[in-house]
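Peer 1: Below you will find the structure I want to go over with you.
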Amino acid sequence: MTGFQLLMLYFSTSVSVLLLISGGYKVIRDFISAKFESAVAAKAAGANKDSNNPS
């Protein structure tokens with residue numbers, strides 16, 4: 001591993017740690033949770049649409 005690659009690795013690791021420490025974990029968790037809930041709601045709406053139309 002070259003020195004430049006090692007520098008990039010340390011930089012990305014430190015930025016990730018600082019992001020998580022500064023509260024980024026809550027933002028990421030809420031974003032994923034919202035996406036999951038909207039996907040479940042869309043799937044449930046699609047299932048309700050199919051059950052109301054017996055063709």
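Labels for the structure tokens follow display order: chains A, B, ..., residues from 1 in each chain, ligands from 1.
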Considering only alpha helix (DSSP H) as DSSP defines it on the backbone, what residues of chain A qualify? List them as a PDB file with N, CA, C and O atoms, in the first residue's frame.

Peer 2:
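Result saved to out20.pdb:
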```pdb
ATOM      1  N   GLY A   3       1.918   5.282   0.212  1.00  0.00           N
ATOM      2  CA  GLY A   3       1.648   6.314   1.202  1.00  0.00           C
ATOM      3  C   GLY A   3       0.393   7.103   0.891  1.00  0.00           C
ATOM      4  O   GLY A   3      -0.358   7.483   1.798  1.00  0.00           O
ATOM      5  N   PHE A   4       0.143   7.326  -0.403  1.00  0.00           N
ATOM      6  CA  PHE A   4      -1.056   8.068  -0.794  1.00  0.00           C
ATOM      7  C   PHE A   4      -2.314   7.279  -0.466  1.00  0.00           C
ATOM      8  O   PHE A   4      -3.296   7.837   0.032  1.00  0.00           O
ATOM      9  N   GLN A   5      -2.302   5.979  -0.741  1.00  0.00           N
ATOM     10  CA  GLN A   5      -3.448   5.133  -0.413  1.00  0.00           C
ATOM     11  C   GLN A   5      -3.679   5.093   1.090  1.00  0.00           C
ATOM     12  O   GLN A   5      -4.824   5.118   1.560  1.00  0.00           O
ATOM     13  N   LEU A   6      -2.608   5.025   1.855  1.00  0.00           N
ATOM     14  CA  LEU A   6      -2.714   5.029   3.306  1.00  0.00           C
ATOM     15  C   LEU A   6      -3.288   6.354   3.803  1.00  0.00           C
ATOM     16  O   LEU A   6      -4.143   6.375   4.693  1.00  0.00           O
ATOM     17  N   LEU A   7      -2.867   7.441   3.204  1.00  0.00           N
ATOM     18  CA  LEU A   7      -3.400   8.749   3.556  1.00  0.00           C
ATOM     19  C   LEU A   7      -4.894   8.832   3.255  1.00  0.00           C
ATOM     20  O   LEU A   7      -5.676   9.329   4.079  1.00  0.00           O
ATOM     21  N   MET A   8      -5.308   8.347   2.091  1.00  0.00           N
ATOM     22  CA  MET A   8      -6.726   8.352   1.744  1.00  0.00           C
ATOM     23  C   MET A   8      -7.532   7.488   2.708  1.00  0.00           C
ATOM     24  O   MET A   8      -8.649   7.853   3.105  1.00  0.00           O
ATOM     25  N   LEU A   9      -7.004   6.346   3.103  1.00  0.00           N
ATOM     26  CA  LEU A   9      -7.680   5.462   4.038  1.00  0.00           C
ATOM     27  C   LEU A   9      -7.875   6.134   5.387  1.00  0.00           C
ATOM     28  O   LEU A   9      -8.975   6.125   5.954  1.00  0.00           O
ATOM     29  N   TYR A  10      -6.822   6.740   5.915  1.00  0.00           N
ATOM     30  CA  TYR A  10      -6.923   7.430   7.199  1.00  0.00           C
ATOM     31  C   TYR A  10      -7.875   8.618   7.125  1.00  0.00           C
ATOM     32  O   TYR A  10      -8.635   8.873   8.053  1.00  0.00           O
ATOM     33  N   PHE A  11      -7.832   9.352   6.030  1.00  0.00           N
ATOM     34  CA  PHE A  11      -8.710  10.511   5.870  1.00  0.00           C
ATOM     35  C   PHE A  11     -10.171  10.078   5.849  1.00  0.00           C
ATOM     36  O   PHE A  11     -11.007  10.642   6.554  1.00  0.00           O
ATOM     37  N   SER A  12     -10.516   9.067   5.052  1.00  0.00           N
ATOM     38  CA  SER A  12     -11.909   8.640   4.970  1.00  0.00           C
ATOM     39  C   SER A  12     -12.392   8.044   6.290  1.00  0.00           C
ATOM     40  O   SER A  12     -13.533   8.254   6.689  1.00  0.00           O
ATOM     41  N   THR A  13     -11.514   7.342   6.985  1.00  0.00           N
ATOM     42  CA  THR A  13     -11.880   6.785   8.285  1.00  0.00           C
ATOM     43  C   THR A  13     -12.149   7.890   9.290  1.00  0.00           C
ATOM     44  O   THR A  13     -13.148   7.851  10.015  1.00  0.00           O
ATOM     45  N   SER A  14     -11.285   8.885   9.323  1.00  0.00           N
ATOM     46  CA  SER A  14     -11.473   9.972  10.293  1.00  0.00           C
ATOM     47  C   SER A  14     -12.715  10.790   9.970  1.00  0.00           C
ATOM     48  O   SER A  14     -13.445  11.189  10.873  1.00  0.00           O
ATOM     49  N   VAL A  15     -12.998  11.027   8.712  1.00  0.00           N
ATOM     50  CA  VAL A  15     -14.198  11.773   8.337  1.00  0.00           C
ATOM     51  C   VAL A  15     -15.447  10.982   8.722  1.00  0.00           C
ATOM     52  O   VAL A  15     -16.416  11.547   9.241  1.00  0.00           O
ATOM     53  N   SER A  16     -15.439   9.681   8.495  1.00  0.00           N
ATOM     54  CA  SER A  16     -16.580   8.850   8.858  1.00  0.00           C
ATOM     55  C   SER A  16     -16.814   8.854  10.362  1.00  0.00           C
ATOM     56  O   SER A  16     -17.952   8.968  10.824  1.00  0.00           O
ATOM     57  N   VAL A  17     -15.746   8.750  11.125  1.00  0.00           N
ATOM     58  CA  VAL A  17     -15.870   8.763  12.585  1.00  0.00           C
ATOM     59  C   VAL A  17     -16.400  10.102  13.059  1.00  0.00           C
ATOM     60  O   VAL A  17     -17.293  10.164  13.915  1.00  0.00           O
ATOM     61  N   LEU A  18     -15.880  11.192  12.520  1.00  0.00           N
ATOM     62  CA  LEU A  18     -16.359  12.513  12.915  1.00  0.00           C
ATOM     63  C   LEU A  18     -17.827  12.712  12.541  1.00  0.00           C
ATOM     64  O   LEU A  18     -18.589  13.329  13.295  1.00  0.00           O
ATOM     65  N   LEU A  19     -18.234  12.199  11.408  1.00  0.00           N
ATOM     66  CA  LEU A  19     -19.634  12.298  10.997  1.00  0.00           C
ATOM     67  C   LEU A  19     -20.531  11.554  11.972  1.00  0.00           C
ATOM     68  O   LEU A  19     -21.568  12.066  12.394  1.00  0.00           O
ATOM     69  N   TYR A  25     -25.176   9.784  12.629  1.00  0.00           N
ATOM     70  CA  TYR A  25     -25.797   8.469  12.751  1.00  0.00           C
ATOM     71  C   TYR A  25     -27.312   8.594  12.821  1.00  0.00           C
ATOM     72  O   TYR A  25     -28.031   7.830  12.184  1.00  0.00           O
ATOM     73  N   LYS A  26     -27.811   9.580  13.556  1.00  0.00           N
ATOM     74  CA  LYS A  26     -29.259   9.764  13.680  1.00  0.00           C
ATOM     75  C   LYS A  26     -29.865  10.145  12.339  1.00  0.00           C
ATOM     76  O   LYS A  26     -30.945   9.674  11.978  1.00  0.00           O
ATOM     77  N   VAL A  27     -29.181  11.002  11.592  1.00  0.00           N
ATOM     78  CA  VAL A  27     -29.686  11.430  10.296  1.00  0.00           C
ATOM     79  C   VAL A  27     -29.751  10.241   9.332  1.00  0.00           C
ATOM     80  O   VAL A  27     -30.748  10.046   8.635  1.00  0.00           O
ATOM     81  N   ILE A  28     -28.697   9.453   9.303  1.00  0.00           N
ATOM     82  CA  ILE A  28     -28.658   8.292   8.419  1.00  0.00           C
ATOM     83  C   ILE A  28     -29.723   7.284   8.823  1.00  0.00           C
ATOM     84  O   ILE A  28     -30.449   6.741   7.987  1.00  0.00           O
ATOM     85  N   ARG A  29     -29.862   7.030  10.132  1.00  0.00           N
ATOM     86  CA  ARG A  29     -30.857   6.079  10.633  1.00  0.00           C
ATOM     87  C   ARG A  29     -32.273   6.547  10.289  1.00  0.00           C
ATOM     88  O   ARG A  29     -33.099   5.744   9.838  1.00  0.00           O
ATOM     89  N   ASP A  30     -32.561   7.826  10.471  1.00  0.00           N
ATOM     90  CA  ASP A  30     -33.891   8.352  10.162  1.00  0.00           C
ATOM     91  C   ASP A  30     -34.179   8.288   8.668  1.00  0.00           C
ATOM     92  O   ASP A  30     -35.305   7.995   8.258  1.00  0.00           O
ATOM     93  N   PHE A  31     -33.169   8.551   7.843  1.00  0.00           N
ATOM     94  CA  PHE A  31     -33.353   8.487   6.391  1.00  0.00           C
ATOM     95  C   PHE A  31     -33.682   7.071   5.948  1.00  0.00           C
ATOM     96  O   PHE A  31     -34.618   6.848   5.172  1.00  0.00           O
ATOM     97  N   ILE A  32     -32.943   6.094   6.451  1.00  0.00           N
ATOM     98  CA  ILE A  32     -33.190   4.693   6.086  1.00  0.00           C
ATOM     99  C   ILE A  32     -34.549   4.248   6.599  1.00  0.00           C
ATOM    100  O   ILE A  32     -35.299   3.552   5.900  1.00  0.00           O
ATOM    101  N   SER A  33     -34.902   4.664   7.811  1.00  0.00           N
ATOM    102  CA  SER A  33     -36.192   4.307   8.385  1.00  0.00           C
ATOM    103  C   SER A  33     -37.345   4.882   7.559  1.00  0.00           C
ATOM    104  O   SER A  33     -38.340   4.206   7.307  1.00  0.00           O
ATOM    105  N   ALA A  34     -37.212   6.125   7.124  1.00  0.00           N
ATOM    106  CA  ALA A  34     -38.252   6.757   6.318  1.00  0.00           C
ATOM    107  C   ALA A  34     -38.401   6.054   4.970  1.00  0.00           C
ATOM    108  O   ALA A  34     -39.528   5.836   4.499  1.00  0.00           O
ATOM    109  N   LYS A  35     -37.286   5.696   4.358  1.00  0.00           N
ATOM    110  CA  LYS A  35     -37.350   4.983   3.083  1.00  0.00           C
ATOM    111  C   LYS A  35     -38.027   3.624   3.252  1.00  0.00           C
ATOM    112  O   LYS A  35     -38.841   3.213   2.429  1.00  0.00           O
ATOM    113  N   PHE A  36     -37.701   2.925   4.333  1.00  0.00           N
ATOM    114  CA  PHE A  36     -38.292   1.616   4.596  1.00  0.00           C
ATOM    115  C   PHE A  36     -39.797   1.744   4.823  1.00  0.00           C
ATOM    116  O   PHE A  36     -40.586   0.973   4.273  1.00  0.00           O
ATOM    117  N   GLU A  37     -40.200   2.732   5.625  1.00  0.00           N
ATOM    118  CA  GLU A  37     -41.619   2.913   5.911  1.00  0.00           C
ATOM    119  C   GLU A  37     -42.403   3.291   4.658  1.00  0.00           C
ATOM    120  O   GLU A  37     -43.530   2.832   4.462  1.00  0.00           O
ATOM    121  N   SER A  38     -41.826   4.116   3.800  1.00  0.00           N
ATOM    122  CA  SER A  38     -42.529   4.489   2.572  1.00  0.00           C
ATOM    123  C   SER A  38     -42.639   3.299   1.617  1.00  0.00           C
ATOM    124  O   SER A  38     -43.652   3.141   0.938  1.00  0.00           O
ATOM    125  N   ALA A  39     -41.624   2.448   1.594  1.00  0.00           N
ATOM    126  CA  ALA A  39     -41.691   1.254   0.747  1.00  0.00           C
ATOM    127  C   ALA A  39     -42.758   0.296   1.262  1.00  0.00           C
ATOM    128  O   ALA A  39     -43.507  -0.296   0.471  1.00  0.00           O
ATOM    129  N   VAL A  40     -42.849   0.144   2.574  1.00  0.00           N
ATOM    130  CA  VAL A  40     -43.875  -0.727   3.154  1.00  0.00           C
ATOM    131  C   VAL A  40     -45.260  -0.164   2.876  1.00  0.00           C
ATOM    132  O   VAL A  40     -46.188  -0.905   2.528  1.00  0.00           O
ATOM    133  N   ALA A  41     -45.421   1.147   3.004  1.00  0.00           N
ATOM    134  CA  ALA A  41     -46.717   1.772   2.741  1.00  0.00           C
ATOM    135  C   ALA A  41     -47.106   1.623   1.271  1.00  0.00           C
ATOM    136  O   ALA A  41     -48.268   1.362   0.957  1.00  0.00           O
ATOM    137  N   ALA A  42     -46.152   1.778   0.379  1.00  0.00           N
ATOM    138  CA  ALA A  42     -46.436   1.622  -1.049  1.00  0.00           C
ATOM    139  C   ALA A  42     -46.821   0.181  -1.368  1.00  0.00           C
ATOM    140  O   ALA A  42     -47.738  -0.071  -2.155  1.00  0.00           O
ATOM    141  N   LYS A  43     -46.149  -0.758  -0.740  1.00  0.00           N
ATOM    142  CA  LYS A  43     -46.470  -2.165  -0.973  1.00  0.00           C
ATOM    143  C   LYS A  43     -47.852  -2.491  -0.413  1.00  0.00           C
ATOM    144  O   LYS A  43     -48.619  -3.218  -1.036  1.00  0.00           O
ATOM    145  N   ALA A  44     -48.172  -1.946   0.753  1.00  0.00           N
ATOM    146  CA  ALA A  44     -49.479  -2.176   1.350  1.00  0.00           C
ATOM    147  C   ALA A  44     -50.580  -1.540   0.502  1.00  0.00           C
ATOM    148  O   ALA A  44     -51.654  -2.115   0.328  1.00  0.00           O
ATOM    149  N   ALA A  45     -50.315  -0.363  -0.045  1.00  0.00           N
ATOM    150  CA  ALA A  45     -51.304   0.292  -0.904  1.00  0.00           C
ATOM    151  C   ALA A  45     -51.509  -0.522  -2.177  1.00  0.00           C
ATOM    152  O   ALA A  45     -52.632  -0.641  -2.658  1.00  0.00           O
ATOM    153  N   GLY A  46     -50.449  -1.082  -2.705  1.00  0.00           N
ATOM    154  CA  GLY A  46     -50.569  -1.934  -3.892  1.00  0.00           C
ATOM    155  C   GLY A  46     -51.333  -3.205  -3.587  1.00  0.00           C
ATOM    156  O   GLY A  46     -52.133  -3.681  -4.394  1.00  0.00           O
ATOM    157  N   ALA A  47     -51.137  -3.770  -2.408  1.00  0.00           N
ATOM    158  CA  ALA A  47     -51.853  -4.977  -2.013  1.00  0.00           C
ATOM    159  C   ALA A  47     -53.328  -4.671  -1.805  1.00  0.00           C
ATOM    160  O   ALA A  47     -54.190  -5.473  -2.171  1.00  0.00           O
ATOM    161  N   ASN A  48     -53.637  -3.503  -1.237  1.00  0.00           N
ATOM    162  CA  ASN A  48     -55.036  -3.122  -1.050  1.00  0.00           C
ATOM    163  C   ASN A  48     -55.722  -2.877  -2.383  1.00  0.00           C
ATOM    164  O   ASN A  48     -56.884  -3.208  -2.560  1.00  0.00           O
ATOM    165  N   LYS A  49     -55.004  -2.299  -3.332  1.00  0.00           N
ATOM    166  CA  LYS A  49     -55.564  -2.050  -4.637  1.00  0.00           C
ATOM    167  C   LYS A  49     -55.909  -3.364  -5.335  1.00  0.00           C
ATOM    168  O   LYS A  49     -56.962  -3.511  -5.943  1.00  0.00           O
ATOM    169  N   ASP A  50     -55.021  -4.350  -5.228  1.00  0.00           N
ATOM    170  CA  ASP A  50     -55.262  -5.646  -5.854  1.00  0.00           C
ATOM    171  C   ASP A  50     -56.397  -6.403  -5.184  1.00  0.00           C
ATOM    172  O   ASP A  50     -57.166  -7.086  -5.844  1.00  0.00           O
ATOM    173  N   SER A  51     -56.557  -6.294  -3.864  1.00  0.00           N
ATOM    174  CA  SER A  51     -57.597  -7.026  -3.180  1.00  0.00           C
ATOM    175  C   SER A  51     -58.970  -6.405  -3.408  1.00  0.00           C
ATOM    176  O   SER A  51     -59.972  -7.078  -3.306  1.00  0.00           O
ATOM    177  N   ASN A  52     -59.030  -5.106  -3.749  1.00  0.00           N
ATOM    178  CA  ASN A  52     -60.307  -4.453  -4.021  1.00  0.00           C
ATOM    179  C   ASN A  52     -60.794  -4.683  -5.443  1.00  0.00           C
ATOM    180  O   ASN A  52     -61.933  -4.409  -5.745  1.00  0.00           O
TER     181      ASN A  52
END
```
